[in-house]
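The next block is my_file.pdb, given as PDB, C-alpha atoms, pLDDT in the B column.
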ATOM      1  CA  LEU H   1      -4.992 151.981-102.893  1.00 56.00           C
ATOM      2  CA  SER H   2      -6.279 155.081-104.499  1.00 62.00           C
ATOM      3  CA  LYS H   3      -9.380 157.068-103.631  1.00 70.00           C
ATOM      4  CA  ALA H   4     -11.114 155.210-106.470  1.00 74.00           C
ATOM      5  CA  ASP H   5     -10.311 151.884-104.745  1.00 74.00           C
ATOM      6  CA  TYR H   6     -11.735 153.158-101.446  1.00 78.00           C
ATOM      7  CA  ASN H   7     -14.873 154.236-103.288  1.00 83.00           C
ATOM      8  CA  LYS H   8     -15.101 150.837-105.010  1.00 84.00           C
ATOM      9  CA  TYR H   9     -14.788 148.725-101.855  1.00 85.00           C
ATOM     10  CA  PHE H  10     -15.982 150.841 -98.905  1.00 86.00           C
ATOM     11  CA  PHE H  11     -17.824 154.060 -99.783  1.00 85.00           C
ATOM     12  CA  GLY H  12     -21.585 153.701 -99.342  1.00 86.00           C
ATOM     13  CA  ARG H  13     -21.249 150.174 -97.937  1.00 86.00           C
ATOM     14  CA  VAL H  14     -21.601 149.075 -94.334  1.00 84.00           C
ATOM     15  CA  HIS H  15     -18.154 148.956 -92.733  1.00 88.00           C
ATOM     16  CA  VAL H  16     -16.344 149.978 -89.579  1.00 88.00           C
ATOM     17  CA  ASN H  17     -13.630 152.639 -89.420  1.00 90.00           C
ATOM     18  CA  ILE H  18     -11.057 152.537 -86.634  1.00 91.00           C
ATOM     19  CA  ILE H  19      -8.622 155.381 -86.010  1.00 93.00           C
ATOM     20  CA  GLY H  20      -5.847 156.096 -83.564  1.00 94.00           C
ATOM     21  CA  ASN H  21      -2.129 155.778 -82.951  1.00 93.00           C
ATOM     22  CA  GLU H  22      -0.207 152.539 -83.123  1.00 91.00           C
ATOM     23  CA  LYS H  23       3.145 152.391 -81.339  1.00 88.00           C
ATOM     24  CA  THR H  24       5.244 151.477 -84.404  1.00 87.00           C
ATOM     25  CA  LEU H  25       3.120 152.764 -87.303  1.00 89.00           C
ATOM     26  CA  GLY H  26       2.017 156.089 -85.805  1.00 91.00           C
ATOM     27  CA  SER H  27      -1.342 157.487 -86.915  1.00 94.00           C
ATOM     28  CA  VAL H  28      -3.543 154.814 -88.487  1.00 93.00           C
ATOM     29  CA  CYS H  29      -6.971 154.568 -90.057  1.00 91.00           C
ATOM     30  CA  VAL H  30      -8.410 151.100 -90.586  1.00 91.00           C
ATOM     31  CA  SER H  31     -11.543 150.304 -92.590  1.00 90.00           C
ATOM     32  CA  ILE H  32     -12.977 146.776 -92.265  1.00 90.00           C
ATOM     33  CA  MET H  33     -15.896 145.236 -94.122  1.00 89.00           C
ATOM     34  CA  LYS H  34     -17.250 141.690 -94.402  1.00 88.00           C
ATOM     35  CA  GLU H  35     -17.441 140.567 -97.998  1.00 88.00           C
ATOM     36  CA  VAL H  36     -18.749 137.604 -99.945  1.00 82.00           C
ATOM     37  CA  THR H  37     -17.435 137.161-103.460  1.00 80.00           C
ATOM     38  CA  THR H  38     -19.210 135.210-106.167  1.00 72.00           C
ATOM     39  CA  SER H  39     -17.615 132.710-108.499  1.00 55.00           C
ATOM     40  CA  ASP H  40     -17.334 135.509-111.060  1.00 53.00           C
ATOM     41  CA  ASP H  41     -15.041 137.403-108.660  1.00 49.00           C
ATOM     42  CA  VAL H  42     -12.757 134.414-107.981  1.00 44.00           C
ATOM     43  CA  SER H  43     -10.256 133.610-110.719  1.00 46.00           C
ATOM     44  CA  ALA H  44     -10.997 130.392-112.561  1.00 42.00           C
ATOM     45  CA  GLY H  45      -9.578 127.321-110.869  1.00 41.00           C
ATOM     46  CA  ALA H  46      -8.081 129.249-107.971  1.00 43.00           C
ATOM     47  CA  LEU H  47      -8.389 127.667-104.543  1.00 43.00           C
ATOM     48  CA  VAL H  48      -8.365 130.518-102.082  1.00 47.00           C
ATOM     49  CA  MET H  49      -8.593 130.921 -98.329  1.00 49.00           C
ATOM     50  CA  GLY H  50     -12.171 131.263 -97.150  1.00 50.00           C
ATOM     51  CA  GLN H  51     -13.693 129.545-100.174  1.00 51.00           C
ATOM     52  CA  LEU H  52     -17.068 128.019 -99.369  1.00 49.00           C
ATOM     53  CA  PRO H  53     -17.235 124.255-100.044  1.00 51.00           C
ATOM     54  CA  GLY H  54     -19.027 123.343-103.262  1.00 54.00           C
ATOM     55  CA  THR H  55     -19.236 126.944-104.444  1.00 55.00           C
ATOM     56  CA  GLY H  56     -17.046 129.432-106.194  1.00 61.00           C
ATOM     57  CA  SER H  57     -17.786 132.027-103.533  1.00 74.00           C
ATOM     58  CA  ARG H  58     -15.866 132.900-100.395  1.00 79.00           C
ATOM     59  CA  ARG H  59     -16.262 135.057 -97.287  1.00 85.00           C
ATOM     60  CA  PHE H  60     -13.601 137.288 -95.806  1.00 90.00           C
ATOM     61  CA  TYR H  61     -13.059 140.685 -94.212  1.00 90.00           C
ATOM     62  CA  ARG H  62     -11.653 143.309 -96.551  1.00 92.00           C
ATOM     63  CA  VAL H  63      -9.213 145.537 -94.642  1.00 91.00           C
ATOM     64  CA  LEU H  64      -7.744 148.869 -95.680  1.00 91.00           C
ATOM     65  CA  LEU H  65      -4.909 149.933 -93.371  1.00 90.00           C
ATOM     66  CA  ARG H  66      -3.829 153.543 -93.941  1.00 90.00           C
ATOM     67  CA  THR H  67      -0.637 154.907 -92.391  1.00 90.00           C
ATOM     68  CA  LYS H  68       1.790 157.748 -93.071  1.00 90.00           C
ATOM     69  CA  THR H  69       4.037 155.315 -94.921  1.00 88.00           C
ATOM     70  CA  GLY H  70       1.265 154.118 -97.261  1.00 88.00           C
ATOM     71  CA  ASP H  71      -1.869 152.047 -97.619  1.00 87.00           C
ATOM     72  CA  ARG H  72      -2.174 148.271 -97.324  1.00 88.00           C
ATOM     73  CA  HIS H  73      -5.080 146.263 -98.677  1.00 88.00           C
ATOM     74  CA  LEU H  74      -5.533 142.995 -96.771  1.00 89.00           C
ATOM     75  CA  GLU H  75      -7.980 140.107 -96.650  1.00 90.00           C
ATOM     76  CA  MET H  76      -8.707 138.618 -93.227  1.00 89.00           C
ATOM     77  CA  PRO H  77     -10.288 135.137 -92.920  1.00 87.00           C
ATOM     78  CA  THR H  78     -13.758 135.149 -91.362  1.00 85.00           C
ATOM     79  CA  ASP H  79     -12.891 132.264 -89.052  1.00 85.00           C
ATOM     80  CA  TRP H  80     -10.423 134.556 -87.248  1.00 84.00           C
ATOM     81  CA  VAL H  81     -13.298 136.775 -86.085  1.00 85.00           C
ATOM     82  CA  LYS H  82     -15.724 135.750 -83.358  1.00 78.00           C
ATOM     83  CA  LEU H  83     -19.317 136.785 -84.125  1.00 74.00           C
ATOM     84  CA  ARG H  84     -21.937 137.835 -81.604  1.00 69.00           C
ATOM     85  CA  LYS H  85     -24.208 134.917 -80.776  1.00 65.00           C
ATOM     86  CA  ARG H  86     -27.583 136.389 -81.685  1.00 63.00           C
ATOM     87  CA  GLN H  87     -26.500 138.941 -84.233  1.00 61.00           C
ATOM     88  CA  LYS H  88     -24.717 138.197 -87.474  1.00 62.00           C
ATOM     89  CA  TYR H  89     -22.007 140.825 -87.041  1.00 66.00           C
ATOM     90  CA  ALA H  90     -18.693 140.981 -85.249  1.00 73.00           C
ATOM     91  CA  ARG H  91     -17.825 143.210 -82.334  1.00 78.00           C
ATOM     92  CA  THR H  92     -15.175 145.835 -83.015  1.00 81.00           C
ATOM     93  CA  ASP H  93     -12.868 144.309 -80.398  1.00 83.00           C
ATOM     94  CA  ALA H  94     -13.109 140.927 -82.163  1.00 85.00           C
ATOM     95  CA  LEU H  95     -12.137 142.600 -85.451  1.00 87.00           C
ATOM     96  CA  LEU H  96      -9.185 144.300 -83.745  1.00 86.00           C
ATOM     97  CA  LEU H  97      -7.972 141.010 -82.232  1.00 86.00           C
ATOM     98  CA  ALA H  98      -8.081 139.347 -85.641  1.00 88.00           C
ATOM     99  CA  LEU H  99      -6.245 142.319 -87.161  1.00 86.00           C
ATOM    100  CA  LYS H 100      -3.563 142.017 -84.455  1.00 86.00           C
ATOM    101  CA  LYS H 101      -3.194 138.315 -85.289  1.00 86.00           C
ATOM    102  CA  MET H 102      -2.768 139.092 -88.980  1.00 86.00           C
ATOM    103  CA  LEU H 103      -0.302 141.960 -88.484  1.00 84.00           C
ATOM    104  CA  LYS H 104       1.778 140.108 -85.898  1.00 81.00           C
ATOM    105  CA  PRO H 105       1.708 140.358 -82.102  1.00 72.00           C
ATOM    106  CA  SER H 106       3.732 143.586 -82.129  1.00 79.00           C
ATOM    107  CA  PHE H 107       0.723 145.449 -83.595  1.00 85.00           C
ATOM    108  CA  SER H 108      -0.907 147.327 -80.709  1.00 87.00           C
ATOM    109  CA  THR H 109      -4.661 147.941 -80.615  1.00 86.00           C
ATOM    110  CA  LYS H 110      -4.529 149.797 -77.293  1.00 88.00           C
ATOM    111  CA  ASN H 111      -4.982 153.311 -78.731  1.00 90.00           C
ATOM    112  CA  LEU H 112      -7.343 152.494 -81.600  1.00 90.00           C
ATOM    113  CA  TYR H 113     -10.990 153.564 -81.447  1.00 90.00           C
ATOM    114  CA  PRO H 114     -13.986 152.795 -83.669  1.00 89.00           C
ATOM    115  CA  ILE H 115     -15.969 155.497 -85.398  1.00 86.00           C
ATOM    116  CA  ARG H 116     -19.572 154.362 -85.123  1.00 70.00           C
ATOM    117  CA  ASP H 117     -21.821 154.345 -88.163  1.00 65.00           C
ATOM    118  CA  PRO H 118     -25.492 153.902 -87.199  1.00 62.00           C
ATOM    119  CA  ALA H 119     -26.113 151.981 -90.419  1.00 60.00           C
ATOM    120  CA  SER H 120     -23.538 149.360 -89.391  1.00 53.00           C
ATOM    121  CA  HIS H 121     -25.534 147.899 -86.505  1.00 47.00           C
TER     122      HIS H 121
END
Show the structure stored in the file as C-alpha coordinates.
Amino acid sequence: LSKADYNKYFFGRVHVNIIGNEKTLGSVCVSIMKEVTTSDDVSAGALVMGQLPGTGSRRFYRVLLRTKTGDRHLEMPTDWVKLRKRQKYARTDALLLALKKMLKPSFSTKNLYPIRDPASH
(Lines of atoms letter the chains of each structure in order from A and count residues from 1; the text may use other names and numbers.)
(Lines give C-alpha, C1' and ligand atoms only; values in the text may rest on other atoms or scores of the structure.)
Protein backbone atom coordinates (compact mmCIF):
# COMPACT_ATOMS: atom_id res chain seq x y z
CA LEU A 1 0.00 0.00 0.00
CA SER A 2 1.17 3.45 -0.77
CA LYS A 3 0.77 6.59 1.31
CA ALA A 4 -2.24 7.41 -0.89
CA ASP A 5 -3.86 4.10 0.15
CA TYR A 6 -3.26 4.86 3.83
CA ASN A 7 -4.83 8.27 3.32
CA LYS A 8 -7.80 6.70 1.50
CA TYR A 9 -8.59 4.07 4.15
CA PHE A 10 -7.28 5.36 7.50
CA PHE A 11 -6.26 9.03 7.61
CA GLY A 12 -8.89 11.17 9.32
CA ARG A 13 -11.03 8.14 10.21
CA VAL A 14 -11.43 6.50 13.59
CA HIS A 15 -8.99 3.59 13.85
CA VAL A 16 -6.49 2.06 16.24
CA ASN A 17 -2.73 1.97 15.66
CA ILE A 18 -0.64 -0.72 17.34
CA ILE A 19 3.16 -0.65 17.30
CA GLY A 20 5.93 -2.81 18.66
CA ASN A 21 8.22 -5.72 17.89
CA GLU A 22 7.05 -9.12 16.77
CA LYS A 23 9.44 -12.04 17.23
CA THR A 24 9.58 -13.09 13.56
CA LEU A 25 8.64 -9.88 11.72
CA GLY A 26 10.64 -7.39 13.79
CA SER A 27 9.29 -3.84 14.07
CA VAL A 28 5.60 -3.65 13.15
CA CYS A 29 2.91 -1.02 12.88
CA VAL A 30 -0.68 -2.20 12.59
CA SER A 31 -3.66 0.01 11.77
CA ILE A 32 -7.14 -1.49 12.27
CA MET A 33 -10.51 0.03 11.44
CA LYS A 34 -14.06 -1.34 11.35
CA GLU A 35 -15.65 -0.82 7.97
CA VAL A 36 -19.04 -1.31 6.36
CA THR A 37 -19.14 -1.37 2.59
CA THR A 38 -22.21 -0.63 0.52
CA SER A 39 -23.44 -2.63 -2.43
CA ASP A 40 -21.65 -0.13 -4.67
CA ASP A 41 -18.33 -1.17 -3.08
CA VAL A 42 -18.93 -4.92 -3.52
CA SER A 43 -18.38 -6.27 -7.02
CA ALA A 44 -21.57 -7.34 -8.76
CA GLY A 45 -22.61 -10.88 -7.95
CA ALA A 46 -19.69 -11.52 -5.61
CA LEU A 47 -20.45 -13.46 -2.45
CA VAL A 48 -17.89 -12.35 0.08
CA MET A 49 -17.07 -13.12 3.69
CA GLY A 50 -18.94 -10.86 6.09
CA GLN A 51 -21.74 -10.03 3.66
CA LEU A 52 -24.92 -9.03 5.47
CA PRO A 53 -27.92 -11.23 4.58
CA GLY A 54 -30.34 -9.61 2.13
CA THR A 55 -28.03 -6.69 1.42
CA GLY A 56 -25.08 -5.94 -0.77
CA SER A 57 -23.17 -4.55 2.20
CA ARG A 58 -20.71 -6.25 4.51
CA ARG A 59 -18.83 -5.53 7.74
CA PHE A 60 -15.18 -6.29 8.37
CA TYR A 61 -12.04 -4.89 9.96
CA ARG A 62 -9.60 -3.34 7.51
CA VAL A 63 -6.03 -4.09 8.62
CA LEU A 64 -2.80 -2.52 7.42
CA LEU A 65 0.24 -4.45 8.66
CA ARG A 66 3.51 -2.58 8.06
CA THR A 67 6.87 -4.30 8.49
CA LYS A 68 10.42 -3.82 7.25
CA THR A 69 9.76 -6.37 4.52
CA GLY A 70 6.65 -4.56 3.22
CA ASP A 71 3.02 -3.73 3.81
CA ARG A 72 0.09 -6.14 3.87
CA HIS A 73 -3.53 -5.11 3.46
CA LEU A 74 -5.89 -7.59 5.11
CA GLU A 75 -9.60 -7.92 5.84
CA MET A 76 -10.56 -9.51 9.16
CA PRO A 77 -14.10 -10.88 9.70
CA THR A 78 -16.07 -9.03 12.38
CA ASP A 79 -17.23 -12.28 13.97
CA TRP A 80 -13.61 -12.98 14.98
CA VAL A 81 -13.63 -9.93 17.27
CA LYS A 82 -15.48 -9.85 20.58
CA LEU A 83 -17.19 -6.50 21.23
CA ARG A 84 -17.67 -4.84 24.59
CA LYS A 85 -21.16 -5.53 25.91
CA ARG A 86 -22.43 -1.98 26.39
CA GLN A 87 -20.29 -0.20 23.85
CA LYS A 88 -20.26 -0.86 20.14
CA TYR A 89 -16.48 -1.06 19.81
CA ALA A 90 -13.89 -3.75 20.32
CA ARG A 91 -11.16 -3.77 22.92
CA THR A 92 -7.62 -3.58 21.58
CA ASP A 93 -6.78 -6.98 23.07
CA ALA A 94 -9.75 -8.52 21.22
CA LEU A 95 -8.46 -7.01 17.96
CA LEU A 96 -4.99 -8.40 18.65
CA LEU A 97 -6.35 -11.90 19.34
CA ALA A 98 -8.26 -11.85 16.06
CA LEU A 99 -5.14 -10.62 14.26
CA LYS A 100 -3.14 -13.48 15.80
CA LYS A 101 -5.78 -15.94 14.57
CA MET A 102 -5.59 -14.54 11.05
CA LEU A 103 -1.78 -14.43 10.89
CA LYS A 104 -1.33 -17.89 12.40
CA PRO A 105 -0.51 -18.88 15.98
CA SER A 106 3.18 -18.07 15.52
CA PHE A 107 2.34 -14.34 15.38
CA SER A 108 3.18 -12.90 18.81
CA THR A 109 1.20 -10.00 20.28
CA LYS A 110 3.25 -9.90 23.49
CA ASN A 111 5.30 -6.79 22.61
CA LEU A 112 2.64 -4.84 20.71
CA TYR A 113 1.09 -1.72 22.23
CA PRO A 114 -1.82 0.48 21.15
CA ILE A 115 -1.43 4.17 20.48
CA ARG A 116 -4.56 5.75 21.91
CA ASP A 117 -6.58 8.21 19.88
CA PRO A 118 -9.12 10.08 22.03
CA ALA A 119 -11.52 10.23 19.09
CA SER A 120 -11.59 6.42 18.91
CA HIS A 121 -13.46 5.87 22.17
Open item on the list: Give me the residues near stretch 69-85 of chain H as a VMD selection string, where near means some atom within 6 Å (using all atoms listed in the file) and where sequence neighbours in that chain fewer than 5 positions away do not count.
Closed with: chain H and resid 60 to 64 90 94 to 95 98
Write a file of the just-selected residues containing C-alpha atoms, as a PDB file, keeping the file's coordinate frame.
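Once everything was written out, this is again_9.pdb:
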ATOM      1  CA  PHE H  60     -13.601 137.288 -95.806  1.00 90.00           C
ATOM      2  CA  TYR H  61     -13.059 140.685 -94.212  1.00 90.00           C
ATOM      3  CA  ARG H  62     -11.653 143.309 -96.551  1.00 92.00           C
ATOM      4  CA  VAL H  63      -9.213 145.537 -94.642  1.00 91.00           C
ATOM      5  CA  LEU H  64      -7.744 148.869 -95.680  1.00 91.00           C
ATOM      6  CA  ALA H  90     -18.693 140.981 -85.249  1.00 73.00           C
ATOM      7  CA  ALA H  94     -13.109 140.927 -82.163  1.00 85.00           C
ATOM      8  CA  LEU H  95     -12.137 142.600 -85.451  1.00 87.00           C
ATOM      9  CA  ALA H  98      -8.081 139.347 -85.641  1.00 88.00           C
TER      10      ALA H  98
END
Task: Option closest in space to H:Gly12, from H:Arg66, H:Arg59, H:Pro114, H:Met33 [counting only C-alpha atoms] - done: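 Comparing H:Arg66, H:Arg59, H:Pro114, H:Met33 against H:Gly12, the winner is H:Met33.
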TODO: Report the distance between atom CA of H:Lys8 and atom CA of H:Thr67 in Å, rounded to one decimal place.
DONE: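 Answer for the atom CA of H:Lys8 to atom CA of H:Thr67 separation: 19.6 Å.
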Open item on the list: Counting all atoms listed in the file, which residue out of H:Lys3, H:His15, H:Lys100, H:Lys68 sits closest to H:Arg116?
Closed with: H:His15
TODO: To one decimal in Å, tell me the separation between atom CA of H:Lys23 and atom CA of H:Thr92.
DONE: 19.5 Å
TODO: Figure out the distance between atom CA of H:Ile115 and atom CA of H:Ile19, please, to one decimal in Å.
DONE: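 According to the coordinates, atom CA of H:Ile19 and atom CA of H:Ile115 are separated by 7.4 Å.
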TODO: Please evaluate the PyMOL selection byres ((chain H and resi 36) around 6) against the displayed coordinates and give the resulting residues as a PyMOL selection string.
DONE: chain H and resi 35+37+58-59
- [ ] Can you pull out every residue within 10 Å of H:Lys110, counting all atoms listed in the file, but drop anything in the same chain fewer than 6 positions away, and send it as a list in words?
- [x] Gly20, Asn21, Glu22, Lys23 and Leu96 of chain H
Open item on the list: So that I can see what lies close to H:Arg13, please list as a list in words the residues with an atom at most 12 Å from it, counting all atoms listed in the file and leaving out residues fewer than 2 positions away in the same chain.
Closed with: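 Result of the neighbour search: Tyr6, Asn7, Lys8, Tyr9, Phe10, Phe11, His15, Val16, Asn17, Ser31, Ile32, Met33, Lys34, Glu35, Arg62, Asp117, Ala119 and Ser120 of chain H.
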